[in-house]
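The next block holds one structure in the form of structure tokens; read it before the comments.
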Amino acid sequence: MPHFLKNSTYIFLLITLLACAPTQLAQQEQLNAIEPITETHTVSTEELQNVLAEFEKLDQQHNTSWKFEQVPDKIIPLSAIEPWTLQVRELQENTTDKATKHLLDARLAMLRSQAAQYAMFSFGEQGNLAMVQQGKQYKVIETIDCDDAPTIIKTAEIRGESYDSWVDFYVNMDYVLMSSKKAKELLGTGVNNRTKYYYNPGIAPTLKILQATQKALKEQCNITVDLLSERINKQEKRPEGYIPEV
């Protein structure tokens, strides 16, 4: 992965993130629509098949493999994020099936998460702190140049945005996989092995990394920053059973 991207690329990524991010009202509507599933639902097989066929075409056009993407380890090329986003938004306009809508929401969320990863790269090593894992927690192991604090904070905020989008992906994809047996068959995976393609632990420790970052900034630079409370509150508002176990 590149360690530095030009400012123009960073600006493009911000525009992309804003363009494909749902509004606050839309996010709340999505949240209200996602309820714990106690029984399977009728799924429009035709709509779901059509969308999956379009996904396959996009994979071929942009040399991607959407089923096997993982954040941050296996993300698609930067050049593929914008065309994928535009095509998925077009598909949304002609979709009425609930499960298929959640699949499209999941795809956009994954694209947002990956775009944020590239935005993080634009800050290079200056914005990323060296850490080690100690048990279930993380600890910063470098001496911080406090002049770099604004860059460190911005990088951490974007890391959090990437994580938020990944959680949105997780929630929406879980809905699709649990909506019907037919949906699971069409997606090529079952409940017992759905983690194989769609869920990845690589980004899962983000909250602990953010916690270590704000602790180190306080201890070394006497800078207080809150990178967690809004994120935790958002997860607590999700329906029970739809928060990733990380």
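Scheme for the structure tokens: letters A, B, ... for chains in order shown; per-chain residue numbers from 1; ligand numbers from 1 in order shown.
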Exercise. Taking the backbone alone, and naming residues the way the document does, which bits of segment 16-160 of chain A are alpha helix (DSSP H) by DSSP, as a count of residues only?
Worked result: 85
Exercise. Which residues, written as a list in words, have at least one atom at most 9 Å from segment 143-153 of chain A, with only C-alpha atoms counted and residues fewer than 4 positions away on the same chain left out?
Worked result: Phe123, Gln126, Gly127, Asn128, Leu129, Glu157, Ile158, Thr213, Gln214, Ala216, Leu217, Gln220, Cys221, Ile223, Val225 and Leu227 of chain A
For the residues in that selection, give me C-alpha atoms as a PDB file, in the first residue's frame.
```pdb
ATOM      1  CA  PHE A 123      -0.922  11.165   5.924  1.00  0.00           C
ATOM      2  CA  GLN A 126       3.431  10.913  10.376  1.00  0.00           C
ATOM      3  CA  GLY A 127      -0.197  10.163  11.204  1.00  0.00           C
ATOM      4  CA  ASN A 128       0.124   6.529  12.253  1.00  0.00           C
ATOM      5  CA  LEU A 129       1.565   5.576  15.637  1.00  0.00           C
ATOM      6  CA  GLU A 157     -10.652  10.228  13.024  1.00  0.00           C
ATOM      7  CA  ILE A 158     -10.520   8.839   9.490  1.00  0.00           C
ATOM      8  CA  THR A 213      -4.052   6.787  20.554  1.00  0.00           C
ATOM      9  CA  GLN A 214      -5.992   9.178  22.753  1.00  0.00           C
ATOM     10  CA  ALA A 216      -0.817   8.360  24.386  1.00  0.00           C
ATOM     11  CA  LEU A 217      -1.697  11.898  23.267  1.00  0.00           C
ATOM     12  CA  GLN A 220       2.860  12.444  26.163  1.00  0.00           C
ATOM     13  CA  CYS A 221       1.442  15.743  24.879  1.00  0.00           C
ATOM     14  CA  ILE A 223      -3.771  16.727  24.608  1.00  0.00           C
ATOM     15  CA  VAL A 225      -9.252  14.183  22.408  1.00  0.00           C
ATOM     16  CA  LEU A 227     -12.271   9.498  19.545  1.00  0.00           C
TER      17      LEU A 227
END
```
Exercise. What is the distance, in Å and to one decimal place, between atom CA of Tyr163 of chain A and atom CA of Thr95 of chain A?
Worked result: 26.7 Å
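Residue nearest Ala212 of chain A within the list A:Leu187, A:Leu177, A:Val88, A:Ile141: A:Ile141 [criterion: smallest interatomic distance, only C-alpha atoms].
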Selection near Asp105 of chain A, 10 Å with only C-alpha atoms, sequence-local residues under 2 positions removed, as an mmCIF file with N, CA and C atoms, in the first residue's frame:
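This is the output file result-v3.cif:
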```cif
data_model
loop_
_atom_site.group_PDB
_atom_site.id
_atom_site.type_symbol
_atom_site.label_atom_id
_atom_site.label_comp_id
_atom_site.auth_asym_id
_atom_site.auth_seq_id
_atom_site.Cartn_x
_atom_site.Cartn_y
_atom_site.Cartn_z
ATOM 1 N N CYS A 20 -21.000 9.301 -1.255
ATOM 2 C CA CYS A 20 -21.656 8.007 -1.064
ATOM 3 C C CYS A 20 -22.102 7.786 0.371
ATOM 4 N N ALA A 21 -21.831 8.739 1.256
ATOM 5 C CA ALA A 21 -22.264 8.582 2.639
ATOM 6 C C ALA A 21 -23.727 8.981 2.776
ATOM 7 N N PRO A 22 -24.528 8.207 3.515
ATOM 8 C CA PRO A 22 -25.919 8.577 3.729
ATOM 9 C C PRO A 22 -26.022 9.780 4.653
ATOM 10 N N GLN A 30 -32.244 3.898 7.934
ATOM 11 C CA GLN A 30 -31.660 2.577 7.745
ATOM 12 C C GLN A 30 -31.633 1.816 9.060
ATOM 13 N N VAL A 88 -23.355 1.438 -8.099
ATOM 14 C CA VAL A 88 -24.212 0.934 -7.021
ATOM 15 C C VAL A 88 -25.324 1.927 -6.720
ATOM 16 N N ARG A 89 -25.010 3.207 -6.757
ATOM 17 C CA ARG A 89 -26.041 4.217 -6.517
ATOM 18 C C ARG A 89 -27.109 4.183 -7.613
ATOM 19 N N GLN A 92 -29.438 1.365 -6.865
ATOM 20 C CA GLN A 92 -30.356 1.683 -5.768
ATOM 21 C C GLN A 92 -31.646 2.316 -6.274
ATOM 22 N N ALA A 99 -34.241 -6.903 0.995
ATOM 23 C CA ALA A 99 -32.945 -7.567 1.166
ATOM 24 C C ALA A 99 -31.931 -7.053 0.149
ATOM 25 N N THR A 100 -32.382 -6.817 -1.074
ATOM 26 C CA THR A 100 -31.482 -6.316 -2.115
ATOM 27 C C THR A 100 -31.025 -4.898 -1.785
ATOM 28 N N LYS A 101 -31.919 -4.097 -1.216
ATOM 29 C CA LYS A 101 -31.533 -2.749 -0.787
ATOM 30 C C LYS A 101 -30.437 -2.819 0.266
ATOM 31 N N HIS A 102 -30.571 -3.753 1.198
ATOM 32 C CA HIS A 102 -29.546 -3.894 2.234
ATOM 33 C C HIS A 102 -28.216 -4.350 1.635
ATOM 34 N N LEU A 103 -28.272 -5.182 0.601
ATOM 35 C CA LEU A 103 -27.041 -5.595 -0.069
ATOM 36 C C LEU A 103 -26.348 -4.388 -0.695
ATOM 37 N N ARG A 107 -22.745 -2.732 0.224
ATOM 38 C CA ARG A 107 -21.665 -2.500 -0.742
ATOM 39 C C ARG A 107 -21.143 -1.068 -0.657
ATOM 40 N N LEU A 108 -22.056 -0.104 -0.559
ATOM 41 C CA LEU A 108 -21.619 1.287 -0.436
ATOM 42 C C LEU A 108 -20.829 1.503 0.851
ATOM 43 N N ALA A 109 -21.259 0.861 1.923
ATOM 44 C CA ALA A 109 -20.546 1.003 3.194
ATOM 45 C C ALA A 109 -19.130 0.453 3.087
ATOM 46 N N MET A 110 -18.973 -0.688 2.416
ATOM 47 C CA MET A 110 -17.638 -1.251 2.233
ATOM 48 C C MET A 110 -16.765 -0.328 1.388
ATOM 49 N N LEU A 111 -17.343 0.283 0.371
ATOM 50 C CA LEU A 111 -16.585 1.218 -0.460
ATOM 51 C C LEU A 111 -16.164 2.447 0.343
ATOM 52 N N ASP A 168 -21.371 -0.645 9.406
ATOM 53 C CA ASP A 168 -22.577 -0.531 8.584
ATOM 54 C C ASP A 168 -22.637 -1.666 7.560
ATOM 55 N N PHE A 169 -21.491 -1.980 6.974
ATOM 56 C CA PHE A 169 -21.420 -3.108 6.042
ATOM 57 C C PHE A 169 -21.825 -4.399 6.737
ATOM 58 N N VAL A 171 -23.596 -4.936 9.430
ATOM 59 C CA VAL A 171 -25.005 -4.977 9.817
ATOM 60 C C VAL A 171 -25.897 -5.275 8.611
ATOM 61 N N ASN A 172 -25.665 -4.555 7.519
ATOM 62 C CA ASN A 172 -26.499 -4.745 6.334
ATOM 63 C C ASN A 172 -26.292 -6.117 5.697
ATOM 64 N N MET A 173 -25.043 -6.579 5.647
ATOM 65 C CA MET A 173 -24.789 -7.889 5.057
ATOM 66 C C MET A 173 -25.374 -8.999 5.917
#
```
For this session: Compare A:Asp97, A:Glu82, A:Glu219, A:Glu230 by their minimum atom-to-atom distance to Leu58 of chain A, counting only C-alpha atoms, and give me the closest one.
Result: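 That would be A:Glu82, the residue with the smallest distance to Leu58 of chain A.
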Can you pull out the residues contacting Glu90 of chain A? Cut-off 12 Å, using only C-alpha atoms, and skip same-chain residues under 3 positions away; I want them as a PDB file with C-alpha atoms, in the first residue's frame.
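Here's the written file out16.pdb:
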```pdb
ATOM      1  CA  CYS A  20     -21.656   8.007  -1.064  1.00  0.00           C
ATOM      2  CA  VAL A  51     -27.788  -6.973  -8.691  1.00  0.00           C
ATOM      3  CA  GLU A  54     -24.123  -6.416 -12.073  1.00  0.00           C
ATOM      4  CA  PRO A  83     -16.964   3.799 -10.626  1.00  0.00           C
ATOM      5  CA  TRP A  84     -18.162   1.096  -8.241  1.00  0.00           C
ATOM      6  CA  THR A  85     -19.856   3.746  -6.081  1.00  0.00           C
ATOM      7  CA  LEU A  86     -21.595   5.414  -9.019  1.00  0.00           C
ATOM      8  CA  GLN A  87     -22.909   2.117 -10.386  1.00  0.00           C
ATOM      9  CA  GLU A  93     -32.698   3.837  -7.841  1.00  0.00           C
ATOM     10  CA  ASN A  94     -34.368   0.785  -9.395  1.00  0.00           C
ATOM     11  CA  THR A  95     -34.489  -1.515  -6.378  1.00  0.00           C
ATOM     12  CA  LYS A 101     -31.533  -2.749  -0.787  1.00  0.00           C
ATOM     13  CA  LEU A 104     -26.539  -2.325  -1.958  1.00  0.00           C
ATOM     14  CA  LEU A 108     -21.619   1.287  -0.436  1.00  0.00           C
TER      15      LEU A 108
END
```
